[in-house]
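K.L.:
Got a structure for you, questions after.
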Amino acid sequence: MAGTAVSGRLAWRVARLAEIRQETPTARTLVFDIPGWPGHLAGQHVDVRLTAADGYTAQRSYSLAAPANGDRIELTVQRVADGEVSEHLTGPYAIGDPVEIRGPIGGWFVWRPADTAPVLLVAGGAGIVPLMAMIRARREAGSKALFRLVYSLRTPEELYYAAELRRPYAGLDITYVYTRELPEGQSGIPRRIDVPTLNTAAWPADFGATTYICGPTGFVETAADIMLALGHSPQSIRTERFGPSRD
Ligand SMILES: Cc1cc2nc3c(=O)[nH]c(=O)nc-3n(C[C@H](O)[C@H](O)[C@H](O)COP(=O)(O)OP(=O)(O)OC[C@H]3O[C@@H](n4cnc5c(N)ncnc54)[C@H](O)[C@@H]3O)c2cc1C
């Protein structure tokens with residue numbers, strides 16, 4: 001029954017941490033074993049619930065960082081200073097520890113391997129996470145859809161998935177925008193994402209590309225406004241905001 005399927009997807013499941021990959025000094029990828037995982041699309045997210053010994057619970061949303069892989073899922077968590085959940089997940093949380101997860105959630109900010117339209121991905125900081133799932137899904141599917149990534153980050157050491165992104169991949173062009181510190185030997189000055197950047201990185205508005213923008217709320221609004229000013233239609237722009245998500 002369709003109703004059963006929906007409630008099953010939104011039920012809390014117990015996941016256990018199976019692997020940790022340190023992405024940057026302040027962000028880590030957490031690989032979980034989650035028996036009975038129903039699968040997901042690139043771009044979807046999950047809710048994560050932590051429960052303390054006294055029964056207190058805290059719940060936050062995290063994007064799925066990789067395409068579906070049986071009973072394994074990957075999340076990448078950026079430590080937010082004084083962040084209730086992220087400081088735990090990037091700190092004391094250890095292999096074998098349980099956590100409750102429900103999902104997958106989201107049906108609009110997704111990319112399907114059957115989609116053939118060109119794709120512009122615009123990431124601000126941890127906003128790279130669901131966009132990386134799309135890049136990985138494209139690669140796994142052998143899709144020929146043209147992809148471009150514009151990745152805004154503060155410093156070179158904050159680059160997530162560095163080894164993977166540095167490997168050239170046909171059909172994927174990447175532009176990095178450093179806001180505080182440039183890589184050694186690169187000329188220019190740090191800057192924020194702006195009209196010239198997206199004007200160069202994006203295809204012309206009539207090219208039929210879909211744009212996915214993800215990051216902190218202010219970043220997403222700025223990037224979306226620029227795309228609209230460059231003539232892209234609101235229907236071609238999909239956004240995901242990583243603002244605080246307390247329940
Ligand atoms: C759909 C969705 C997907 C998300 N996916 C990811 C993801 O893949 N990886 C990831 O690291 N985060 C992601 N987030 C953000 C995540 O849900 C939490 O908001 C974040 O981890 C902070 O939670 P916290 O409990 O550590 O901080 P809190 O205790 O909630 O907040 C601590 C302080 O930090 C501020 N703050 C909260 N969140 C942020 C933020 N994102 N940036 C800057 N300041 C903040 C708060 O205003 C507060 O002052 C996502 C959010 C949404 C809505």
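Naming works like this for the structure tokens: A, B, ... for the chains as they're shown, residue 1 at the start of each chain, ligands 1 onward in shown order.
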Using only C-alpha atoms and all ligand atoms, which protein or nucleic acid residues are at most 6 Å from ligand 1, as a PyMOL selection string?
P.N.:
chain A and resi 45+60-63+76-78+80+82-87+126+129+216+241-246
K.L.:
Those same residues, written as a JSON list (two decimals), in the first residue's frame with N, CA, C and O atoms?
P.N.:
```json
[["chain", "number", "residue", "atom", "x", "y", "z"],
["A", 45, "HIS", "N", 17.90, 14.29, 1.59],
["A", 45, "HIS", "CA", 18.54, 14.36, 2.89],
["A", 45, "HIS", "C", 17.82, 13.45, 3.89],
["A", 45, "HIS", "O", 16.80, 12.84, 3.55],
["A", 60, "ARG", "N", 18.50, 16.97, 13.64],
["A", 60, "ARG", "CA", 18.94, 17.88, 12.58],
["A", 60, "ARG", "C", 18.86, 17.17, 11.24],
["A", 60, "ARG", "O", 18.85, 15.94, 11.19],
["A", 61, "SER", "N", 18.90, 17.95, 10.16],
["A", 61, "SER", "CA", 18.88, 17.39, 8.80],
["A", 61, "SER", "C", 20.30, 17.31, 8.25],
["A", 61, "SER", "O", 21.10, 18.22, 8.47],
["A", 62, "TYR", "N", 20.60, 16.23, 7.52],
["A", 62, "TYR", "CA", 21.90, 16.11, 6.83],
["A", 62, "TYR", "C", 21.69, 15.49, 5.45],
["A", 62, "TYR", "O", 20.93, 14.52, 5.31],
["A", 63, "SER", "N", 22.37, 16.06, 4.46],
["A", 63, "SER", "CA", 22.24, 15.56, 3.09],
["A", 63, "SER", "C", 22.96, 14.25, 2.92],
["A", 63, "SER", "O", 23.99, 14.00, 3.56],
["A", 76, "THR", "N", 28.09, 13.92, 5.37],
["A", 76, "THR", "CA", 29.28, 14.70, 5.69],
["A", 76, "THR", "C", 28.85, 15.86, 6.57],
["A", 76, "THR", "O", 27.97, 16.64, 6.20],
["A", 77, "VAL", "N", 29.45, 15.93, 7.75],
["A", 77, "VAL", "CA", 29.02, 16.92, 8.74],
["A", 77, "VAL", "C", 30.12, 17.93, 9.00],
["A", 77, "VAL", "O", 31.26, 17.56, 9.30],
["A", 78, "GLN", "N", 29.77, 19.20, 8.90],
["A", 78, "GLN", "CA", 30.68, 20.31, 9.19],
["A", 78, "GLN", "C", 30.47, 20.71, 10.65],
["A", 78, "GLN", "O", 29.32, 20.93, 11.06],
["A", 80, "VAL", "N", 29.92, 23.04, 13.51],
["A", 80, "VAL", "CA", 29.52, 24.42, 13.75],
["A", 80, "VAL", "C", 29.89, 24.73, 15.18],
["A", 80, "VAL", "O", 29.55, 23.97, 16.08],
["A", 82, "ASP", "N", 29.94, 25.51, 18.83],
["A", 82, "ASP", "CA", 28.85, 25.40, 19.81],
["A", 82, "ASP", "C", 27.62, 24.70, 19.26],
["A", 82, "ASP", "O", 26.53, 24.82, 19.82],
["A", 83, "GLY", "N", 27.76, 24.01, 18.15],
["A", 83, "GLY", "CA", 26.62, 23.31, 17.57],
["A", 83, "GLY", "C", 26.29, 22.05, 18.35],
["A", 83, "GLY", "O", 27.15, 21.19, 18.55],
["A", 84, "GLU", "N", 25.07, 21.96, 18.77],
["A", 84, "GLU", "CA", 24.65, 20.85, 19.63],
["A", 84, "GLU", "C", 24.89, 19.48, 18.97],
["A", 84, "GLU", "O", 25.46, 18.58, 19.57],
["A", 85, "VAL", "N", 24.45, 19.33, 17.74],
["A", 85, "VAL", "CA", 24.53, 18.02, 17.08],
["A", 85, "VAL", "C", 25.84, 17.86, 16.31],
["A", 85, "VAL", "O", 26.51, 16.83, 16.41],
["A", 86, "SER", "N", 26.24, 18.89, 15.56],
["A", 86, "SER", "CA", 27.43, 18.73, 14.71],
["A", 86, "SER", "C", 28.69, 18.56, 15.54],
["A", 86, "SER", "O", 29.59, 17.81, 15.16],
["A", 87, "GLU", "N", 28.77, 19.19, 16.70],
["A", 87, "GLU", "CA", 29.98, 19.02, 17.53],
["A", 87, "GLU", "C", 30.07, 17.59, 18.06],
["A", 87, "GLU", "O", 31.15, 17.04, 18.19],
["A", 126, "ALA", "N", 29.62, 23.63, 3.15],
["A", 126, "ALA", "CA", 29.07, 22.27, 3.28],
["A", 126, "ALA", "C", 27.96, 22.00, 2.26],
["A", 126, "ALA", "O", 27.54, 20.85, 2.10],
["A", 129, "VAL", "N", 27.76, 18.97, -0.24],
["A", 129, "VAL", "CA", 27.43, 17.57, 0.08],
["A", 129, "VAL", "C", 26.40, 16.94, -0.88],
["A", 129, "VAL", "O", 26.70, 15.94, -1.53],
["A", 216, "PRO", "N", 24.69, 27.87, 2.93],
["A", 216, "PRO", "CA", 24.02, 28.70, 3.93],
["A", 216, "PRO", "C", 22.97, 29.59, 3.25],
["A", 216, "PRO", "O", 23.13, 29.95, 2.08],
["A", 241, "ARG", "N", 18.66, 25.11, 1.38],
["A", 241, "ARG", "CA", 19.29, 25.99, 2.37],
["A", 241, "ARG", "C", 19.72, 25.20, 3.58],
["A", 241, "ARG", "O", 18.93, 24.44, 4.13],
["A", 242, "PHE", "N", 20.96, 25.43, 4.00],
["A", 242, "PHE", "CA", 21.49, 24.72, 5.17],
["A", 242, "PHE", "C", 21.38, 25.58, 6.43],
["A", 242, "PHE", "O", 22.26, 25.57, 7.27],
["A", 243, "GLY", "N", 20.32, 26.34, 6.53],
["A", 243, "GLY", "CA", 20.14, 27.14, 7.74],
["A", 243, "GLY", "C", 19.90, 26.24, 8.93],
["A", 243, "GLY", "O", 19.71, 25.03, 8.77],
["A", 244, "PRO", "N", 19.93, 26.79, 10.13],
["A", 244, "PRO", "CA", 19.66, 26.00, 11.32],
["A", 244, "PRO", "C", 18.33, 25.27, 11.16],
["A", 244, "PRO", "O", 17.39, 25.81, 10.60],
["A", 245, "SER", "N", 18.27, 24.04, 11.63],
["A", 245, "SER", "CA", 17.07, 23.23, 11.41],
["A", 245, "SER", "C", 16.59, 22.58, 12.70],
["A", 245, "SER", "O", 16.39, 21.39, 12.78],
["A", 246, "ARG", "N", 16.47, 23.39, 13.73],
["A", 246, "ARG", "CA", 15.96, 22.84, 15.00],
["A", 246, "ARG", "C", 14.50, 22.45, 14.82],
["A", 246, "ARG", "O", 13.78, 23.07, 14.05]]
```
K.L.:
Counting only C-alpha atoms, what is within 9 Å of Arg148 in chain A, bar same-chain residues fewer than 2 positions away, as a VMD selection string?
P.N.:
chain A and resid 118 to 122 146 150 171 to 175 201 to 202
K.L.:
For the strand (DSSP E or B) assignment from backbone DSSP, which residues of range 115-234 of chain A qualify? Please present them as a PyMOL selection string.
P.N.:
chain A and resi 119-124+147-153+172-178+210-215
K.L.:
Include N, CA, C and O atoms and write out the residues we just selected as a compact mmCIF listing (two decimals), in the first residue's frame.
P.N.:
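Generated output (out-v1.txt):
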```txt
# COMPACT_ATOMS: atom_id res chain seq x y z
N VAL A 119 23.80 20.51 -16.26
CA VAL A 119 23.58 20.79 -14.84
C VAL A 119 24.64 21.76 -14.34
O VAL A 119 25.84 21.52 -14.52
N LEU A 120 24.20 22.84 -13.71
CA LEU A 120 25.13 23.73 -13.01
C LEU A 120 24.93 23.53 -11.52
O LEU A 120 23.81 23.68 -11.01
N LEU A 121 26.00 23.20 -10.83
CA LEU A 121 25.96 23.00 -9.39
C LEU A 121 26.68 24.17 -8.73
O LEU A 121 27.81 24.48 -9.12
N VAL A 122 26.04 24.80 -7.77
CA VAL A 122 26.67 25.95 -7.10
C VAL A 122 26.68 25.65 -5.60
O VAL A 122 25.62 25.57 -4.97
N ALA A 123 27.88 25.46 -5.05
CA ALA A 123 28.01 25.03 -3.65
C ALA A 123 28.66 26.12 -2.80
O ALA A 123 29.66 26.71 -3.20
N GLY A 124 28.12 26.33 -1.62
CA GLY A 124 28.76 27.20 -0.63
C GLY A 124 29.11 26.36 0.58
O GLY A 124 28.22 25.83 1.25
N PHE A 147 28.08 18.59 -16.76
CA PHE A 147 28.02 19.12 -15.40
C PHE A 147 29.08 20.22 -15.23
O PHE A 147 30.21 20.08 -15.71
N ARG A 148 28.69 21.27 -14.54
CA ARG A 148 29.66 22.28 -14.11
C ARG A 148 29.44 22.52 -12.63
O ARG A 148 28.29 22.61 -12.18
N LEU A 149 30.54 22.65 -11.90
CA LEU A 149 30.47 22.90 -10.46
C LEU A 149 31.17 24.22 -10.15
O LEU A 149 32.32 24.41 -10.55
N VAL A 150 30.48 25.09 -9.43
CA VAL A 150 31.11 26.29 -8.87
C VAL A 150 31.09 26.10 -7.36
O VAL A 150 30.02 25.96 -6.76
N TYR A 151 32.27 26.05 -6.76
CA TYR A 151 32.39 25.67 -5.35
C TYR A 151 33.04 26.83 -4.60
O TYR A 151 34.22 27.12 -4.81
N SER A 152 32.25 27.47 -3.75
CA SER A 152 32.76 28.59 -2.95
C SER A 152 33.19 28.07 -1.58
O SER A 152 32.39 27.43 -0.89
N LEU A 153 34.44 28.34 -1.22
CA LEU A 153 34.95 27.89 0.07
C LEU A 153 35.92 28.93 0.62
O LEU A 153 36.42 29.76 -0.13
N LEU A 172 32.84 17.17 -16.55
CA LEU A 172 32.66 17.93 -15.31
C LEU A 172 33.72 19.03 -15.24
O LEU A 172 34.91 18.74 -15.17
N ASP A 173 33.28 20.28 -15.30
CA ASP A 173 34.19 21.42 -15.15
C ASP A 173 33.99 22.01 -13.76
O ASP A 173 32.86 22.14 -13.30
N ILE A 174 35.11 22.40 -13.13
CA ILE A 174 34.99 22.94 -11.76
C ILE A 174 35.64 24.31 -11.68
O ILE A 174 36.75 24.51 -12.18
N THR A 175 34.94 25.24 -11.05
CA THR A 175 35.49 26.56 -10.74
C THR A 175 35.48 26.71 -9.22
O THR A 175 34.43 26.52 -8.59
N TYR A 176 36.63 27.00 -8.65
CA TYR A 176 36.69 27.23 -7.20
C TYR A 176 36.70 28.73 -6.94
O TYR A 176 37.41 29.48 -7.61
N VAL A 177 35.93 29.15 -5.96
CA VAL A 177 35.91 30.56 -5.55
C VAL A 177 36.31 30.60 -4.07
O VAL A 177 35.57 30.12 -3.21
N TYR A 178 37.52 31.12 -3.81
CA TYR A 178 38.02 31.17 -2.42
C TYR A 178 37.69 32.53 -1.83
O TYR A 178 38.01 33.56 -2.42
N THR A 210 19.75 22.95 -15.84
CA THR A 210 19.13 23.03 -14.52
C THR A 210 20.22 23.44 -13.54
O THR A 210 21.34 22.92 -13.60
N THR A 211 19.89 24.37 -12.65
CA THR A 211 20.86 24.84 -11.66
C THR A 211 20.45 24.36 -10.27
O THR A 211 19.29 24.50 -9.88
N TYR A 212 21.40 23.78 -9.54
CA TYR A 212 21.17 23.37 -8.15
C TYR A 212 22.11 24.20 -7.28
O TYR A 212 23.33 24.19 -7.48
N ILE A 213 21.53 24.93 -6.34
CA ILE A 213 22.33 25.79 -5.46
C ILE A 213 22.14 25.31 -4.02
O ILE A 213 21.00 25.13 -3.58
N CYS A 214 23.25 25.13 -3.29
CA CYS A 214 23.12 24.65 -1.91
C CYS A 214 24.19 25.29 -1.03
O CYS A 214 25.35 25.40 -1.43
N GLY A 215 23.80 25.68 0.17
CA GLY A 215 24.74 26.26 1.12
C GLY A 215 23.98 27.02 2.19
O GLY A 215 22.76 26.86 2.34
```
K.L.:
Find the spatial neighbours of range 155-165 of chain A, counting only C-alpha atoms, within a cut-off of 7 Å - ignore same-chain residues fewer than 4 positions away - and output them as a PyMOL selection string.
P.N.:
chain A and resi 23-24+178-183
K.L.:
Give the answer as one residue: which of A:Gly43, A:Gly55, A:Pro92, A:Pro130 has the shortest atom-to-atom distance to Phe109 in chain A, using only C-alpha atoms?
P.N.:
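The closest residue to Phe109 in chain A is A:Gly43.
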K.L.:
According to DSSP computed on the backbone, where in range 41-149 of chain A is there alpha helix (DSSP H)? Give the residues as a list in words.
P.N.:
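So, restricting range 41-149 of chain A to alpha helix (DSSP H), we get Ser86, Glu87, His88, Leu89, Ile128, Val129, Pro130, Leu131, Met132, Ala133, Met134, Ile135, Arg136, Ala137, Arg138, Arg139, Glu140 and Ala141 of chain A.
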K.L.:
Have a look at A:Leu30, A:Val220, A:Ile226, A:Leu10 and name the one nearest to Val99 in chain A; count only C-alpha atoms.
P.N.:
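Distance minimum relative to Val99 in chain A lands on A:Leu30.
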K.L.:
With only C-alpha atoms as the atoms that count, which of A:Ala52, A:Met227, A:Ala81, A:Leu17 lies nearest to Thr239 in chain A?
P.N.:
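Of the candidates, the smallest distance to Thr239 in chain A is held by A:Met227.
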K.L.:
Restricting the calculation to only C-alpha atoms, which member of A:Ala114, A:Ile34, A:Pro67, A:Arg166 is positioned closest to Met134 in chain A?
P.N.:
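For Met134 in chain A, the nearest of the candidates is A:Pro67.
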K.L.:
Which one is closest to Ala66 in chain A: A:His40, A:Arg167, A:Arg49, A:Arg154? Count only C-alpha atoms.
P.N.:
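The answer is A:His40, which sits nearest to Ala66 in chain A.
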K.L.:
What does the distance between CA of Gly142 in chain A and CA of Gly107 in chain A come to in Å, to one decimal place?
P.N.:
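Computed distance, CA of Gly142 in chain A to CA of Gly107 in chain A, equals 22.5 Å.
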K.L.:
For a quick check of understanding, using only C-alpha atoms, which of A:Gly208, A:Pro35, A:Pro113, A:Gly218 has the smallest distance to His232 in chain A?
P.N.:
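Ranked by minimum distance to His232 in chain A, first place goes to A:Gly208.
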K.L.:
Do you have the CA of Trp203 in chain A-CA of Glu221 in chain A distance handy?
P.N.:
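Taking CA of Trp203 in chain A and CA of Glu221 in chain A, their separation equals 19.5 Å.
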